[in-house]
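Here's the structure, in structure tokens; my notes come after.
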Amino acid sequence: MSLKIKNICCIGAGYVGGPSMAVFADKLPNIKINVLDLNKERIAAWNNEDLEKLPIYEPGLSKLVEKNRNKNLFFSSDLEKNISEADMIFISVNTPTKTSGLGAGQASDLRWVESCTRAVAKYAKNHTIVIEKSTIPVKTAELIKNLLDSYIKKEQKYAKVHKSFSILSNPEFLAEGNAINDLEFPDRILIGGEDIESVDSLKILYEHWVPTEKIICTNLWSSELSKLAANAFLAQRISSINSISAICESTGASIDEVSLAIGADTRIGNKFISSSPGFGGSCFKKDILNLIYLCDFNSLFEVSKYWQNVLTINEWQKKRVSKLIVEKLFGTLYEKKIGVLGFAFKANTNDTRESPAIDIVADLIVEKAQVAIYDPKVQKESINMELNNNLQNFKNSKNDYLQDSKLGEWACYEEIDDVFKNADAIVILTEWDEFKTIDWNNASNLMRYPAWVFDTRSIINEKEVKESGLNLWVLGKSL
Ligand code: UDX
Ligand code: UDX
């Protein structure tokens, strides 16, 4: 048995909610999909005629929006109307790490999940399936359920209420930059829930484009924990390969060769073993911190330390890169121009959340460098916001003497050649395709000698860089 679903709404039009619902609308043309967000500017951007101005850059997204928008895909800030008409509601709001109070620095801040749940409790009518799409701590479904039940209880005091809810967990595994492909051809779909009828209702929707054997149904807690664990495993692979990258640099081994050799073992696999300046993105750090909080709460201190080390290696890798740049440039960046190529946390996205570029560039600025930044998709406002926040922490944590001392500066450029002009060094931090085909002869002519190239993603043509007269350092190699 399943319920007939005609109207779906999703609260949160972000990197997860937006692309997920664009694919739902495309695959389910007979269902009306409303994507809601409190942020009116964001909704206006989703409704912008000019598809270049959508709030999120994701390959293939604008095409789907163009095809389905205002047919069965709508973007709106009217929570009351859209929630009341929905048979199924996805909660896809942000759940950042708490910055103060109990669990600060580790636990997720659920204030937005809570406020959405309250809106759902208030406006929903009849039977509604409420689905957690946001990554949340294990047992959040219980919190949502208690909140919804208490609303019904209170309303029933005054009148007969025909309102009921089922809660499901349906975590999203899309990776930014590849979101549309991940949503159209997922490795698996995970649905956690106790109410079989609701589980089936969601499963049937996915079966329109996902083979049944790829849909895994579990209890609620397994589903919630699997999302945290999957992200922790992925992050652990990157910290593992990054720890090996440092050994390569000291021994003469090459990280590319080691990755190829170990990845050829099918038990290990060749994906997710590229060394990098560290992992970023909105999920990995936050989800591991969540896992650590869960372990400590349950007195599993050794387990908690195990996962903490994945984060420690990530921080160490970022510091290693900035320290090395300073060392190669005679121990000082004072009045030196450092060109930074790439600020997004990975290629093919305009997202900068937790990007390793933030800490690395901030370190260079603290060393008084003049940093020139170029990223093909990231807006300069995002870069300024991230760096201002980061450097504010630095200023707050230092004593009066250091607070007075002047930091370096940064500027963002739209032309890559402006970054090369008079630069003492170029640091590649994101693996954008266009950086793979840079004309290094031209760059070399524009730079100030002795000039360096630091490639933290191992993407450039080493021979060409060296032949152009530039000094080269590549992460995980001893050149
Ligand atoms: C996702 C996941 O949902 C989250 O679990 C994960 O941990 C981080 O990534 P994402 O879509 O990337 O979130 O977040 P974001 O791009 O910040 O979008 C969230 C949206 O929800 C924002 O547009 C925000 O305005 C909106 N929001 C937030 C609401 O509409 N209502 C709220 O109460 C809070
Ligand atoms: C991740 C998960 O992959 C996804 O399943 C989950 O839903 C959300 O979190 P995302 O953060 O969007 O997705 O990107 P991902 O491709 O996982 O990359 C995360 C970080 O790891 C990036 O900074 C990337 O550069 C880095 N990375 C990835 C490496 O350093 N090496 C690799 O081999 C792969």
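Simple scheme: letters A, B, ... for chains in structure tokens order, numbers from 1 for residues in each chain, numbers from 1 for ligands in the order shown.
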Subject >> Surroundings of ligand 1 up to 6 Å, based on only C-alpha atoms and all ligand atoms, as number ranges by chain >> reply: A: 11-17, 37-39, 92-95, 112, 115-116, 134-135, 282-283
Subject >> Shell of 9 Å around Leu291 of chain A, only C-alpha atoms, local chain residues under 6 positions omitted, as a PyMOL selection string >> reply: chain A and resi 106-107+137-138+225+228-229+232+304+307
Subject >> Long-range neighbours of Ser2 of chain A as a list in words, 9 Å cut-off, only C-alpha atoms, 4 positions minimum in chain >> reply: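 Answer for this query is Ile196, Glu197, Ser198, Val199, Asp200, Ser201, Leu202 and Ile204 of chain A.
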Subject >> Counting only C-alpha atoms and all ligand atoms, the residue of A:Thr128, A:Asn445, A:Asn393, A:Asn178 that sits nearest ligand 2 >> reply: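 Residue with the minimum atom-to-atom distance to ligand 2: A:Asn178.
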Sorted by chain and rising residue number, list the residues of chain A at most 8 Å from ligand 2 (counting only C-alpha atoms and all ligand atoms), each with its closest atom pair and distance in Å to one decimal, as a tab-separated table.
```
residue	atom	partner	partner_atom_place_in_ligand_line	distance
A:Pro171	CA	ligand 2	7 (O)	7.8
A:Glu172	CA	ligand 2	7 (O)	5.3
A:Phe173	CA	ligand 2	7 (O)	3.3
A:Leu174	CA	ligand 2	7 (O)	4.4
A:Ala175	CA	ligand 2	12 (O)	3.5
A:Glu176	CA	ligand 2	12 (O)	3.7
A:Gly177	CA	ligand 2	12 (O)	7.0
A:Asn178	CA	ligand 2	16 (O)	7.9
A:Ala179	CA	ligand 2	12 (O)	7.9
A:Lys227	CA	ligand 2	7 (O)	7.7
A:Ala230	CA	ligand 2	5 (O)	7.4
A:Asn231	CA	ligand 2	2 (C)	5.9
A:Leu234	CA	ligand 2	3 (O)	6.9
A:Ala235	CA	ligand 2	21 (O)	6.7
A:Arg237	CA	ligand 2	33 (O)	7.8
A:Ile238	CA	ligand 2	31 (N)	5.3
A:Asn242	CA	ligand 2	30 (O)	7.9
A:Lys271	CA	ligand 2	33 (O)	6.3
A:Phe272	CA	ligand 2	33 (O)	3.2
A:Ile273	CA	ligand 2	33 (O)	4.1
A:Ser274	CA	ligand 2	33 (O)	3.6
A:Ser275	CA	ligand 2	31 (N)	5.4
A:Ser276	CA	ligand 2	30 (O)	4.4
A:Pro277	CA	ligand 2	30 (O)	6.9
A:Gly278	CA	ligand 2	30 (O)	5.6
A:Phe279	CA	ligand 2	23 (O)	3.7
A:Gly280	CA	ligand 2	23 (O)	3.8
A:Gly281	CA	ligand 2	11 (O)	4.3
A:Ser282	CA	ligand 2	11 (O)	6.0
A:Cys283	CA	ligand 2	9 (O)	4.9
A:Phe284	CA	ligand 2	9 (O)	5.9
A:Phe345	CA	ligand 2	23 (O)	4.5
A:Lys346	CA	ligand 2	25 (O)	4.3
A:Ala347	CA	ligand 2	25 (O)	7.4
A:Ser355	CA	ligand 2	23 (O)	6.3
A:Pro356	CA	ligand 2	23 (O)	7.1
A:Thr430	CA	ligand 2	25 (O)	7.3
A:Glu431	CA	ligand 2	25 (O)	7.9
```
**OP:** Tell me which of A:Ser250, A:Asn298, A:Asn170, A:Asn181 sits closest to Gly60 of chain A, counting only C-alpha atoms.
**Re:**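 Among the listed residues, the smallest separation from Gly60 of chain A belongs to A:Asn181.
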**OP:** For segment 454-463 of chain A, work out the shell of residues within 9 Å, counting only C-alpha atoms and skipping chain neighbours fewer than 3 positions away, then give it as number ranges by chain.
**Re:** A: 256, 274-277, 321, 325, 425-433, 435-438, 466-468, 471-477
Please produce an output containing C-alpha atoms for each residue in the selection, written as a PDB file, in the first residue's frame.
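Output file out19.pdb is given in full below:
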```
ATOM      1  CA  ASP A 256      50.250   9.886  -8.530  1.00  0.00           C
ATOM      2  CA  SER A 274      43.629  12.079  -5.105  1.00  0.00           C
ATOM      3  CA  SER A 275      45.847  14.038  -2.751  1.00  0.00           C
ATOM      4  CA  SER A 276      44.832  17.646  -2.189  1.00  0.00           C
ATOM      5  CA  PRO A 277      45.458  20.664   0.008  1.00  0.00           C
ATOM      6  CA  VAL A 321      51.059  23.935   2.263  1.00  0.00           C
ATOM      7  CA  ILE A 325      55.202  28.439   0.447  1.00  0.00           C
ATOM      8  CA  ALA A 425      54.455  32.743  -6.916  1.00  0.00           C
ATOM      9  CA  ILE A 426      51.316  31.051  -8.216  1.00  0.00           C
ATOM     10  CA  VAL A 427      49.451  28.631  -5.969  1.00  0.00           C
ATOM     11  CA  ILE A 428      46.906  26.281  -7.557  1.00  0.00           C
ATOM     12  CA  LEU A 429      44.258  25.355  -4.989  1.00  0.00           C
ATOM     13  CA  THR A 430      41.276  24.116  -7.055  1.00  0.00           C
ATOM     14  CA  GLU A 431      41.487  21.626  -9.933  1.00  0.00           C
ATOM     15  CA  TRP A 432      39.518  23.686 -12.497  1.00  0.00           C
ATOM     16  CA  ASP A 433      39.995  22.360 -16.051  1.00  0.00           C
ATOM     17  CA  PHE A 435      44.216  25.576 -15.039  1.00  0.00           C
ATOM     18  CA  LYS A 436      45.336  22.380 -16.790  1.00  0.00           C
ATOM     19  CA  THR A 437      45.976  24.270 -20.012  1.00  0.00           C
ATOM     20  CA  ILE A 438      47.644  27.449 -18.752  1.00  0.00           C
ATOM     21  CA  LYS A 466      60.032  23.887 -15.724  1.00  0.00           C
ATOM     22  CA  GLU A 467      60.979  24.666 -19.329  1.00  0.00           C
ATOM     23  CA  SER A 468      59.437  28.116 -18.964  1.00  0.00           C
ATOM     24  CA  ASN A 471      60.499  26.846 -10.051  1.00  0.00           C
ATOM     25  CA  LEU A 472      57.969  24.140  -9.343  1.00  0.00           C
ATOM     26  CA  TRP A 473      56.627  22.355  -6.273  1.00  0.00           C
ATOM     27  CA  VAL A 474      53.925  19.706  -6.643  1.00  0.00           C
ATOM     28  CA  LEU A 475      52.145  18.208  -3.659  1.00  0.00           C
ATOM     29  CA  GLY A 476      53.173  14.584  -3.077  1.00  0.00           C
ATOM     30  CA  LYS A 477      56.287  14.750  -5.291  1.00  0.00           C
TER      31      LYS A 477
END
```
**OP:** To one decimal in Å, tell me the separation between atom CA of Leu470 of chain A and atom CA of Ser444 of chain A.
**Re:**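 Interatomic distance here is 6.5 Å.
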Subject >> Distance query segment 366-382 of chain A at most 9 Å, only C-alpha atoms, self and fewer than 6 positions along chain excluded, as a VMD selection string >> reply: chain A and resid 57 326 332 to 344 348 to 352 391 394 406 to 416 418 to 420 423 430 432 434
Original post:
Please, what distance in Å, to one decimal, runs between atom CA of Cys9 of chain A and atom CA of Leu51 of chain A?
Top reply: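 These two atoms are separated by 22.1 Å.
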Subject >> Best match for closeness to Ser239 of chain A among A:Asn441, A:Asn219, A:Ser20, A:Asn314, counting only C-alpha atoms >> reply: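 The closest residue to Ser239 of chain A is A:Asn314.
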